[in-house]
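Trainee: Right, I'll just put the structure down here and ask away after.
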Amino acid sequence: MKITDIEVIELRVPPIDQECTWGEDALLVRVITDTGLVGIGESDTSPMVARAIIEAPSSNLYSTGLKSLLIGENPLEIQKLWDKMYWGSNYLGRRGAGIHAISAIDIALWDIASQFYQVPIYMLLGGKYRDTIKAYGTFIPDDIPAQNKKIVRKLIEQGYTSLKFGGGILGDDDDTDVEIVKAVREEAGDDFELQIDLASKWGTYGRSARMFKRLEKFNLHWIEEPILADDMKGYKKLSGLTGAQTAGGESLTTRYEFADFLKYAQPDIIQPDITRCGGISEMRKISELASMNGTKLVPHGFSTGILLAATIQFLAASKDGDLLEYSQSDSPLFTSLTGSLPALENGNIRVPDCIGLGVELDEELISKYRINS
Ligand code: MG
């Protein structure tokens with residue numbers, strides 16, 4: 001079997017000259033083979049940048065677009081191809097968008113392998129540890145603190161037993177942050193599992209430490225990205241405070257960055273995103289690092305059903321993979337691109353015994369939101 005083409009699809013809901021927020025654009029790939037098998041992948045990144053990294057012609061030995069590196073290769077040689085992409089793009093890649101693009105292709109290669117061997121991806125990864133995975137819902141908070149009670153009530157009624165909120169105005173003003181957390185905690189009840197995500201908007205160790213203290217009485221499960229993951233000393237000091245656990249790392253890529261993050265930042269939880277960190281292949285290596293460092297891994301995920309499907313397969317095959325992030329985005333790229341999303345049963349989702357990612361792309365929706373030809 002040989003790879004004959006890689007189709008790159010850029011999707012975007014708002015027009016290109018208008019603001020785009022989380023979940024409103026996407027970068028998909030289809031890895032096409034000479035046998036008719038096609039693998040699907042995605043990266044939650046800047047679609048136009050990742051497309052260039054895949055489609056660029058070769059400039060030199062170290063600056064080669066990923067597509068030209070893979071044409072003619074056997075898609076089943078997943079790790080060998082990962083290494084080839086990493087090496088052949090290392091001037092322009094190595095971290096950031098270069099690894100985002102590799103992630104999308106890596107996911108598609110696992111999709112092909114599962115179809116070729118006719119066993120689920122979790123089986124190729126070593127087996128299924130669990131039939132169900134607890135899902136925590138992530139929502140963007142309303143600007144008016146009290147309005148968040150309604151959102152929380154609705155999600156608890158759907159069956160969620162764990163929730164996170166972040167984005168929107170969270171992190172803009174300390175007093176408002178406290179008010180929002182207070183409203184959500186009141187509605188959810190004292191024992192409900194609750195976490196918040198600052199998207200690094202608190203910015204500094206000092207402000208974060210003050211906020212950790214102010215929020216201590218609300219018994220948060222974790223506080224995510226109070227500061228940039230690059231501020232590893234700040235993270236280490238925050239992790240030493242009592243109260244909520246520290247979580248972060250969604251913007252980091254590769255085992256190399258996570259090795260440093262684990263060593264120097266010592267977070268309680270790391271959150272690699274399978275569509276950014278280097279795909280399923282690299283996620284497994286990062287997972288091993290986390291387990292050797294006494295750190296929990298809870299994958300980040302706030303994009304399409306492709307990300308969700310790949311994350312579920314990884315978690316099913318991961319010894320400690322017992323918590324899934326479940327976006328509450330109302331973007332059509334999340335709600336409709338891959339048909340129906342996994343159903344919530346008592347706060348859990350069931351691991352599908354499907355071949356490949358098990359997602360069927362809505363071609364009409366792709367035509368409607370595609371911005372490249
Ligand atoms: Mg986050």
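Chain labels follow the order of the structure tokens: the first chain is A, the next B, and so on; residue numbering restarts at 1 in every chain, and ligands are counted from 1 in their shown order.
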Set out as JSON lines a contact list for chain A and ligand 1 with a cut-off of 10 Å, giving each residue of chain A that qualifies its closest atom pair and distance in Å to one decimal, counting only C-alpha atoms and all ligand atoms, ordered by chain and rising residue number.
Mentor:
```
{"residue": "A:Thr138", "atom": "CA", "partner": "ligand 1", "partner_atom_place_in_ligand_line": "1 (Mg)", "distance": 9.3}
{"residue": "A:Lys164", "atom": "CA", "partner": "ligand 1", "partner_atom_place_in_ligand_line": "1 (Mg)", "distance": 9.4}
{"residue": "A:Phe165", "atom": "CA", "partner": "ligand 1", "partner_atom_place_in_ligand_line": "1 (Mg)", "distance": 9.0}
{"residue": "A:Gly166", "atom": "CA", "partner": "ligand 1", "partner_atom_place_in_ligand_line": "1 (Mg)", "distance": 7.2}
{"residue": "A:Gly167", "atom": "CA", "partner": "ligand 1", "partner_atom_place_in_ligand_line": "1 (Mg)", "distance": 8.2}
{"residue": "A:Ile196", "atom": "CA", "partner": "ligand 1", "partner_atom_place_in_ligand_line": "1 (Mg)", "distance": 8.5}
{"residue": "A:Asp197", "atom": "CA", "partner": "ligand 1", "partner_atom_place_in_ligand_line": "1 (Mg)", "distance": 5.3}
{"residue": "A:Leu198", "atom": "CA", "partner": "ligand 1", "partner_atom_place_in_ligand_line": "1 (Mg)", "distance": 7.2}
{"residue": "A:Ala199", "atom": "CA", "partner": "ligand 1", "partner_atom_place_in_ligand_line": "1 (Mg)", "distance": 5.6}
{"residue": "A:Ser200", "atom": "CA", "partner": "ligand 1", "partner_atom_place_in_ligand_line": "1 (Mg)", "distance": 8.6}
{"residue": "A:Ile223", "atom": "CA", "partner": "ligand 1", "partner_atom_place_in_ligand_line": "1 (Mg)", "distance": 9.6}
{"residue": "A:Glu224", "atom": "CA", "partner": "ligand 1", "partner_atom_place_in_ligand_line": "1 (Mg)", "distance": 6.2}
{"residue": "A:Glu225", "atom": "CA", "partner": "ligand 1", "partner_atom_place_in_ligand_line": "1 (Mg)", "distance": 6.5}
{"residue": "A:Pro226", "atom": "CA", "partner": "ligand 1", "partner_atom_place_in_ligand_line": "1 (Mg)", "distance": 9.6}
{"residue": "A:Ala247", "atom": "CA", "partner": "ligand 1", "partner_atom_place_in_ligand_line": "1 (Mg)", "distance": 8.7}
{"residue": "A:Gly248", "atom": "CA", "partner": "ligand 1", "partner_atom_place_in_ligand_line": "1 (Mg)", "distance": 7.1}
{"residue": "A:Gly249", "atom": "CA", "partner": "ligand 1", "partner_atom_place_in_ligand_line": "1 (Mg)", "distance": 8.3}
{"residue": "A:Glu250", "atom": "CA", "partner": "ligand 1", "partner_atom_place_in_ligand_line": "1 (Mg)", "distance": 6.3}
{"residue": "A:Ser251", "atom": "CA", "partner": "ligand 1", "partner_atom_place_in_ligand_line": "1 (Mg)", "distance": 8.7}
{"residue": "A:Gln271", "atom": "CA", "partner": "ligand 1", "partner_atom_place_in_ligand_line": "1 (Mg)", "distance": 8.1}
{"residue": "A:Pro272", "atom": "CA", "partner": "ligand 1", "partner_atom_place_in_ligand_line": "1 (Mg)", "distance": 9.9}
{"residue": "A:Asp273", "atom": "CA", "partner": "ligand 1", "partner_atom_place_in_ligand_line": "1 (Mg)", "distance": 9.7}
{"residue": "A:Pro299", "atom": "CA", "partner": "ligand 1", "partner_atom_place_in_ligand_line": "1 (Mg)", "distance": 9.9}
{"residue": "A:His300", "atom": "CA", "partner": "ligand 1", "partner_atom_place_in_ligand_line": "1 (Mg)", "distance": 6.8}
{"residue": "A:Gly301", "atom": "CA", "partner": "ligand 1", "partner_atom_place_in_ligand_line": "1 (Mg)", "distance": 8.4}
{"residue": "A:Phe302", "atom": "CA", "partner": "ligand 1", "partner_atom_place_in_ligand_line": "1 (Mg)", "distance": 8.6}
```
Trainee: Name all residues at most 8 Å from Ala188 of chain A (count only C-alpha atoms; drop same-chain ones fewer than 5 positions away) and give them as a list of chain:residue names.
Mentor: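 What passes the distance filter is A:Val152, A:Arg153, A:Ile156.
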Trainee: Keeping only N, CA, C and O atoms, take the residues you just selected and write them out as a PDB file, in the first residue's frame.
Mentor:
```pdb
ATOM      1  N   VAL A 152     -25.042  25.918  33.921  1.00  0.00           N
ATOM      2  CA  VAL A 152     -24.621  24.797  34.766  1.00  0.00           C
ATOM      3  C   VAL A 152     -25.793  23.854  35.047  1.00  0.00           C
ATOM      4  O   VAL A 152     -25.653  22.627  34.973  1.00  0.00           O
ATOM      5  N   ARG A 153     -26.931  24.426  35.337  1.00  0.00           N
ATOM      6  CA  ARG A 153     -28.119  23.610  35.612  1.00  0.00           C
ATOM      7  C   ARG A 153     -28.425  22.694  34.420  1.00  0.00           C
ATOM      8  O   ARG A 153     -28.661  21.502  34.571  1.00  0.00           O
ATOM      9  N   ILE A 156     -25.840  19.861  34.103  1.00  0.00           N
ATOM     10  CA  ILE A 156     -26.005  18.829  35.144  1.00  0.00           C
ATOM     11  C   ILE A 156     -27.223  17.971  34.814  1.00  0.00           C
ATOM     12  O   ILE A 156     -27.197  16.749  34.985  1.00  0.00           O
TER      13      ILE A 156
END
```
Trainee: Which polymer residues have any atom within 12 Å of an atom of segment 344-355 of chain A, counting only C-alpha atoms, with same-chain residues fewer than 5 positions away left out, as a PyMOL selection string?
Mentor: chain A and resi 39+110-124+127-137+155-163+193+308-317+321-326+360
Trainee: Give the strand (DSSP E or B) residues of segment 167-309 of chain A, as DSSP finds them on the backbone, and put them as JSON, numbers by chain.
Mentor: {"A": [193, 194, 195, 196, 197, 222, 223, 224, 245, 246, 247, 248, 269, 270, 273, 296, 297, 300]}
Trainee: Include C-alpha atoms and write out the residues we just selected as a short mmCIF file (atom, residue, chain, number, x, y, z; two decimals), in the first residue's frame.
Mentor:
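Once written, again.cif looks like this:
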```
data_model
loop_
_atom_site.label_atom_id
_atom_site.label_comp_id
_atom_site.auth_asym_id
_atom_site.auth_seq_id
_atom_site.Cartn_x
_atom_site.Cartn_y
_atom_site.Cartn_z
CA GLU A 193 -16.19 18.44 40.42
CA LEU A 194 -15.40 21.87 39.02
CA GLN A 195 -12.36 23.26 37.22
CA ILE A 196 -11.54 26.58 35.58
CA ASP A 197 -9.34 27.59 32.64
CA TRP A 222 -7.94 22.21 39.08
CA ILE A 223 -6.96 25.66 37.83
CA GLU A 224 -5.80 25.49 34.21
CA GLN A 245 -4.26 21.43 41.37
CA THR A 246 -2.39 23.16 38.54
CA ALA A 247 -3.02 22.04 34.98
CA GLY A 248 -1.57 23.12 31.65
CA ILE A 269 -2.00 17.66 35.44
CA ILE A 270 -0.70 17.93 31.87
CA ASP A 273 -3.96 18.07 22.68
CA LYS A 296 -1.98 12.97 35.62
CA LEU A 297 -2.64 13.35 31.87
CA HIS A 300 -7.11 18.94 25.94
#
```
Trainee: Residues near Ser46 of chain A, anyone? I mean within 8 Å using only C-alpha atoms, not counting same-chain ones fewer than 6 positions away, as a list of chain:residue names.
Mentor: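 Residues meeting the cut-off are A:Ala26, A:Leu27, A:Ala97.
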Trainee: Would you mind exporting the chosen residues as an mmCIF file, in the first residue's frame, restricted to C-alpha atoms?
Mentor:
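Listing of selection21.cif after writing:
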```cif
data_model
loop_
_atom_site.group_PDB
_atom_site.id
_atom_site.type_symbol
_atom_site.label_atom_id
_atom_site.label_comp_id
_atom_site.auth_asym_id
_atom_site.auth_seq_id
_atom_site.Cartn_x
_atom_site.Cartn_y
_atom_site.Cartn_z
ATOM 1 C CA ALA A 26 -10.662 23.644 11.411
ATOM 2 C CA LEU A 27 -7.895 22.009 9.416
ATOM 3 C CA ALA A 97 2.656 24.575 13.796
#
```
Trainee: Skipping near chain neighbours, those fewer than 4 positions away, what residues fall within 9 Å of Lys67 of chain A using only C-alpha atoms, listed as a ChimeraX atom specification?
Mentor: /A:5-6,53-57,71,85
Trainee: Next, dump the selected residues to file, keeping only all heavy atoms, as a JSON list (two decimals), in the first residue's frame.
Mentor:
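The resulting file, out16.json, is shown below:
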```json
[["chain", "number", "residue", "atom", "x", "y", "z"],
["A", 5, "ASP", "N", -1.81, 10.64, -2.19],
["A", 5, "ASP", "CA", -2.13, 12.07, -2.11],
["A", 5, "ASP", "C", -2.50, 12.44, -0.67],
["A", 5, "ASP", "O", -2.92, 11.56, 0.11],
["A", 5, "ASP", "CB", -3.33, 12.40, -3.04],
["A", 5, "ASP", "CG", -3.49, 13.90, -3.28],
["A", 5, "ASP", "OD1", -2.56, 14.66, -2.95],
["A", 5, "ASP", "OD2", -4.55, 14.30, -3.80],
["A", 6, "ILE", "N", -2.34, 13.70, -0.33],
["A", 6, "ILE", "CA", -2.85, 14.21, 0.94],
["A", 6, "ILE", "C", -3.69, 15.45, 0.63],
["A", 6, "ILE", "O", -3.17, 16.45, 0.12],
["A", 6, "ILE", "CB", -1.72, 14.57, 1.93],
["A", 6, "ILE", "CG1", -0.91, 13.31, 2.27],
["A", 6, "ILE", "CG2", -2.29, 15.19, 3.21],
["A", 6, "ILE", "CD1", 0.27, 13.54, 3.20],
["A", 53, "ILE", "N", 2.43, 24.19, 5.61],
["A", 53, "ILE", "CA", 3.48, 23.27, 6.07],
["A", 53, "ILE", "C", 3.32, 21.91, 5.39],
["A", 53, "ILE", "O", 4.30, 21.23, 5.08],
["A", 53, "ILE", "CB", 3.45, 23.16, 7.60],
["A", 53, "ILE", "CG1", 3.96, 24.48, 8.21],
["A", 53, "ILE", "CG2", 4.28, 21.99, 8.10],
["A", 53, "ILE", "CD1", 3.71, 24.64, 9.69],
["A", 54, "ILE", "N", 2.10, 21.52, 5.12],
["A", 54, "ILE", "CA", 1.88, 20.23, 4.44],
["A", 54, "ILE", "C", 2.16, 20.35, 2.95],
["A", 54, "ILE", "O", 2.80, 19.49, 2.35],
["A", 54, "ILE", "CB", 0.43, 19.74, 4.70],
["A", 54, "ILE", "CG1", 0.24, 19.44, 6.20],
["A", 54, "ILE", "CG2", 0.12, 18.50, 3.85],
["A", 54, "ILE", "CD1", -1.20, 19.20, 6.62],
["A", 55, "GLU", "N", 1.71, 21.43, 2.34],
["A", 55, "GLU", "CA", 1.74, 21.51, 0.87],
["A", 55, "GLU", "C", 2.99, 22.17, 0.30],
["A", 55, "GLU", "O", 3.21, 22.12, -0.92],
["A", 55, "GLU", "CB", 0.49, 22.27, 0.37],
["A", 55, "GLU", "CG", -0.80, 21.49, 0.63],
["A", 55, "GLU", "CD", -2.04, 22.19, 0.09],
["A", 55, "GLU", "OE1", -1.97, 23.41, -0.18],
["A", 55, "GLU", "OE2", -3.06, 21.50, -0.05],
["A", 56, "ALA", "N", 3.81, 22.79, 1.15],
["A", 56, "ALA", "CA", 4.99, 23.51, 0.64],
["A", 56, "ALA", "C", 5.92, 22.59, -0.15],
["A", 56, "ALA", "O", 6.13, 21.44, 0.24],
["A", 56, "ALA", "CB", 5.75, 24.12, 1.81],
["A", 57, "PRO", "N", 6.48, 23.10, -1.25],
["A", 57, "PRO", "CA", 7.50, 22.31, -1.96],
["A", 57, "PRO", "C", 8.78, 22.28, -1.14],
["A", 57, "PRO", "O", 8.95, 23.06, -0.20],
["A", 57, "PRO", "CB", 7.69, 23.11, -3.26],
["A", 57, "PRO", "CG", 7.33, 24.51, -2.90],
["A", 57, "PRO", "CD", 6.26, 24.42, -1.85],
["A", 71, "ILE", "N", 4.44, 11.05, -0.08],
["A", 71, "ILE", "CA", 3.94, 10.43, -1.32],
["A", 71, "ILE", "C", 4.81, 9.21, -1.67],
["A", 71, "ILE", "O", 6.04, 9.29, -1.69],
["A", 71, "ILE", "CB", 3.95, 11.44, -2.49],
["A", 71, "ILE", "CG1", 3.02, 12.63, -2.19],
["A", 71, "ILE", "CG2", 3.56, 10.76, -3.81],
["A", 71, "ILE", "CD1", 1.56, 12.30, -2.06],
["A", 85, "MET", "N", 8.92, 12.88, 8.80],
["A", 85, "MET", "CA", 8.31, 14.23, 8.74],
["A", 85, "MET", "C", 9.04, 15.18, 9.69],
["A", 85, "MET", "O", 9.32, 16.33, 9.34],
["A", 85, "MET", "CB", 6.81, 14.16, 9.10],
["A", 85, "MET", "CG", 5.95, 13.50, 8.05],
["A", 85, "MET", "SD", 4.17, 13.68, 8.40],
["A", 85, "MET", "CE", 3.91, 12.46, 9.67]]
```
Trainee: Where in segment 28-259 of chain A does DSSP assign helix (DSSP H, G or I), given as an MDAnalysis selection string?
Mentor: chainID A and resid 47:55 66:70 78:88 96:117 121:124 145:158 174:188 205:218 232:239 254:259
Trainee: Near Met1 of chain A, counting only C-alpha atoms, which residues have an atom at most 7 Å away, once you skip same-chain residues fewer than 5 positions from it, shown as a PDB file with C-alpha atoms, in the first residue's frame?
Mentor:
```pdb
ATOM      1  CA  THR A  33      -3.811   5.484  -0.663  1.00  0.00           C
ATOM      2  CA  ASP A  34      -3.617   3.401  -3.821  1.00  0.00           C
ATOM      3  CA  THR A  35      -5.849   0.729  -2.223  1.00  0.00           C
ATOM      4  CA  ASN A  74       3.651   2.860   3.076  1.00  0.00           C
TER       5      ASN A  74
END
```
Trainee: Pick out the closest residue to Ser59 of chain A from this set: A:Ser287, A:Glu77, A:Asn90, A:Ser336. Count only C-alpha atoms.
Mentor: A:Asn90
Trainee: Lys285 of chain A: which residues within 12 Å, counting only C-alpha atoms, same-chain residues fewer than 6 positions away excluded, as a list in words?
Mentor: Gln79, Leu125, Thr253, Thr254, Arg255, Tyr256, Glu257, Phe258, Ala259, Pro272, Ile274, Cys277, Gly278, Gly279, Ser291, Met292, Leu297, Phe314 and Ser318 of chain A
Trainee: Find the distance between atom CA of Ser239 of chain A and atom CA of Asp191 of chain A and write it in Å to one decimal.
Mentor: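 For atom CA of Ser239 of chain A relative to atom CA of Asp191 of chain A, the distance reads 22.1 Å.
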Trainee: Given the choices A:Leu307, A:Leu341, A:Ile99, A:Pro145, which gets closest to Val49 of chain A if the distance is worked out from only C-alpha atoms?
Mentor: A:Ile99
Trainee: Pick the closest to Asp320 of chain A from A:Ile16, A:Ile227, A:Val298, A:Ile9: which is it, counting only C-alpha atoms?
Mentor: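 Result for the nearest residue to Asp320 of chain A: A:Val298.
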Trainee: Give the answer as one residue: which of A:Asn148, A:Val13, A:Asp230, A:Thr4 has the shortest atom-to-atom distance to Ser68 of chain A, using only C-alpha atoms?
Mentor: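 Residue with the minimum atom-to-atom distance to Ser68 of chain A: A:Thr4.
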Trainee: Let me make sure I understand: among A:Glu24, A:Asp174, A:Asp83, A:Asp17, which one has the smallest atom-to-atom distance to Phe334 of chain A if we use only C-alpha atoms?
Mentor: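 The shortest atom-to-atom distance to Phe334 of chain A comes from A:Glu24.
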Trainee: From the set A:Leu11, A:Ile3, A:Ala101, A:Ala229, which residue has the shortest atom-to-atom contact distance to Ile366 of chain A, counting only C-alpha atoms?
Mentor: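 The answer is A:Leu11, which sits nearest to Ile366 of chain A.
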